[in-house]
Structures are given as structure tokens and as C-alpha cells.
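A.B. asks: Data file input23.csv (CSV, C-alpha atoms) is appended below.
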chain,number,residue,atom,x,y,z
A,1,MET,CA,-83.0,-35.7,138.9
A,2,ASN,CA,-84.2,-32.6,140.7
A,3,LYS,CA,-86.9,-32.6,143.3
A,4,MET,CA,-90.3,-31.9,141.9
A,5,ASN,CA,-91.5,-28.4,142.8
A,6,TRP,CA,-94.9,-27.4,144.0
A,7,TYR,CA,-96.1,-26.3,140.6
A,8,LEU,CA,-95.2,-29.5,138.8
A,9,ARG,CA,-96.6,-31.7,141.7
A,10,SER,CA,-99.9,-29.8,141.8
A,11,GLY,CA,-100.3,-29.9,138.0
A,12,LEU,CA,-99.8,-33.6,137.8
A,13,LEU,CA,-102.2,-34.1,140.7
A,14,ILE,CA,-104.9,-32.0,139.2
A,15,SER,CA,-104.7,-33.5,135.8
A,16,SER,CA,-104.8,-37.1,137.2
A,17,ILE,CA,-107.8,-36.3,139.3
A,18,VAL,CA,-109.7,-34.6,136.5
A,19,ILE,CA,-109.0,-37.4,134.0
A,20,GLY,CA,-109.9,-40.1,136.6
A,21,PHE,CA,-113.1,-38.2,137.6
A,22,ASN,CA,-114.1,-37.7,134.0
A,23,HIS,CA,-113.8,-41.4,133.4
A,24,PHE,CA,-116.6,-42.1,135.8
A,25,ILE,CA,-118.7,-39.0,135.5
A,26,GLU,CA,-119.0,-36.9,132.3
A,27,LEU,CA,-117.9,-33.4,133.1
A,28,PRO,CA,-119.1,-30.4,130.9
A,29,GLY,CA,-116.5,-29.7,128.2
A,30,ILE,CA,-115.8,-26.1,129.4
A,31,ILE,CA,-115.0,-27.2,132.9
A,32,HIS,CA,-112.9,-30.2,131.8
A,33,GLY,CA,-111.0,-28.0,129.3
A,34,PHE,CA,-110.4,-25.2,131.8
A,35,VAL,CA,-109.1,-27.5,134.6
A,36,LEU,CA,-106.9,-29.5,132.2
A,37,GLY,CA,-105.5,-26.3,130.7
A,38,THR,CA,-104.7,-25.0,134.2
A,39,ALA,CA,-103.0,-28.3,135.0
A,40,VAL,CA,-100.9,-28.1,131.8
A,41,ALA,CA,-99.9,-24.5,132.6
A,42,LEU,CA,-98.8,-25.5,136.1
A,43,GLU,CA,-96.8,-28.4,134.7
A,44,LEU,CA,-95.1,-26.2,132.2
A,45,VAL,CA,-94.2,-23.6,134.8
A,46,GLY,CA,-92.9,-26.4,137.0
A,47,ILE,CA,-90.7,-27.8,134.2
A,48,TYR,CA,-89.4,-24.3,133.6
A,49,LEU,CA,-88.5,-23.8,137.2
A,50,LEU,CA,-86.5,-27.0,137.4
A,51,ARG,CA,-83.7,-25.3,135.4
A,52,HIS,CA,-84.2,-21.5,136.0
A,53,ASP,CA,-84.1,-19.3,139.0
A,54,MET,CA,-87.2,-17.2,139.7
A,55,THR,CA,-86.1,-15.2,142.7
A,56,LYS,CA,-86.3,-11.9,140.8
A,57,THR,CA,-89.9,-12.6,139.7
A,58,LYS,CA,-90.9,-13.6,143.2
A,59,ASN,CA,-89.5,-10.4,144.7
A,60,PHE,CA,-91.1,-8.3,142.0
A,61,LYS,CA,-94.5,-9.9,142.7
A,62,LYS,CA,-94.1,-9.5,146.4
A,63,ASN,CA,-93.2,-5.8,146.1
A,64,PHE,CA,-96.0,-5.2,143.5
A,65,PHE,CA,-98.7,-6.7,145.7
A,66,SER,CA,-97.4,-5.2,148.9
A,67,LYS,CA,-98.2,-1.8,147.4
A,68,PHE,CA,-101.9,-2.7,147.2
A,69,ILE,CA,-102.2,-4.7,150.3
A,70,LYS,CA,-100.9,-2.6,153.2
A,71,THR,CA,-101.7,-3.4,156.8
A,72,ALA,CA,-102.3,-0.4,158.9
As C-alpha cells, please, write out the structure in this file.

C.D. replies:
Amino acid sequence: MNKMNWYLRSGLLISSIVIGFNHFIELPGIIHGFVLGTAVALELVGIYLLRHDMTKTKNFKKNFFSKFIKTA
């Protein structure tokens, strides 16, 4: 089995914290749904990255944001 990546690990951590926290203290539905949706999205990206290479996407993002954030 492949090593878990950062996205998958953080998605699992966030979802377990929110579910455990919601067990003791009732969170508002909008917050609970948003955080769980974010955790599921991170988990799906992590699962995708287990089998696919994302170096082109990372390089594109790095070049795209470097145009806007220039150090003088």
C-alpha cells in the first residue's frame, strides 16, 4: 500500500475531529456541513493522488501565483 499523502491524512483528521466534537457539542448545521464537505474533498483529492502524478498541476499553480506575488 502507498504511503498516505498530506491531503488524505488531513481530510481524515478533520473529519474525525468534527464528528467527535459534534458528538459532545452540537455544532450549527452550516458549519458542520462545510467542514465535513471540505474533509471529504481533501480525502477525494488524496485518493486521486495515490495513483496519479500532479507535477504539471503543481508547476502551473506555482507559475500562475508567482505572476501575482512578485517580491521586489

A.B. asks: Quick one: pull the distance between atom CA of A:Lys3 and atom CA of A:Lys62, Å, one decimal.

C.D. replies: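 Going from atom CA of A:Lys3 over to atom CA of A:Lys62 covers 24.4 Å.
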
A.B. asks: For each of A:Phe64, A:Ile47, A:Lys56, A:Ile69, take the minimum atom-to-atom distance to A:Asn5, counting all atoms listed in the file, then give the residue where this is smallest.

C.D. replies: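 Between A:Phe64, A:Ile47, A:Lys56, A:Ile69, the residue approaching A:Asn5 most closely is A:Ile47.
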
A.B. asks: Pick out the residues sitting within 7 Å of stretch 7-10 of chain A, and hand them over as a PDB file with C-alpha atoms, in the coordinates of the input; count only C-alpha atoms, and ignore anything fewer than 2 positions along from it in its own chain.

C.D. replies:
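Output below, filename selection36.pdb:
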ATOM      1  CA  MET A   4     -90.300 -31.900 141.900  1.00  0.00           C
ATOM      2  CA  ASN A   5     -91.500 -28.400 142.800  1.00  0.00           C
ATOM      3  CA  LEU A  12     -99.800 -33.600 137.800  1.00  0.00           C
ATOM      4  CA  LEU A  13    -102.200 -34.100 140.700  1.00  0.00           C
ATOM      5  CA  ILE A  14    -104.900 -32.000 139.200  1.00  0.00           C
ATOM      6  CA  LEU A  42     -98.800 -25.500 136.100  1.00  0.00           C
ATOM      7  CA  GLU A  43     -96.800 -28.400 134.700  1.00  0.00           C
ATOM      8  CA  VAL A  45     -94.200 -23.600 134.800  1.00  0.00           C
ATOM      9  CA  GLY A  46     -92.900 -26.400 137.000  1.00  0.00           C
ATOM     10  CA  ILE A  47     -90.700 -27.800 134.200  1.00  0.00           C
TER      11      ILE A  47
END

A.B. asks: For A:Val18, which residue out of A:Arg51, A:His32, A:Lys70, A:Lys58 is the nearest one, using all atoms listed in the file?

C.D. replies: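 Under the stated criterion, the closest residue is A:His32.
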
A.B. asks: One decimal, Å: what's the distance from atom CA of A:Ile17 over to atom CA of A:Ala39, could you say?

C.D. replies: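 If I compute the distance from atom CA of A:Ile17 to atom CA of A:Ala39, I get 10.3 Å.
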
A.B. asks: Have a look at atom CA of A:Ser15 and atom CA of A:Gly33 and let me know their distance in Å, one decimal.

C.D. replies: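 That distance, rounded to one decimal, is 10.6 Å.
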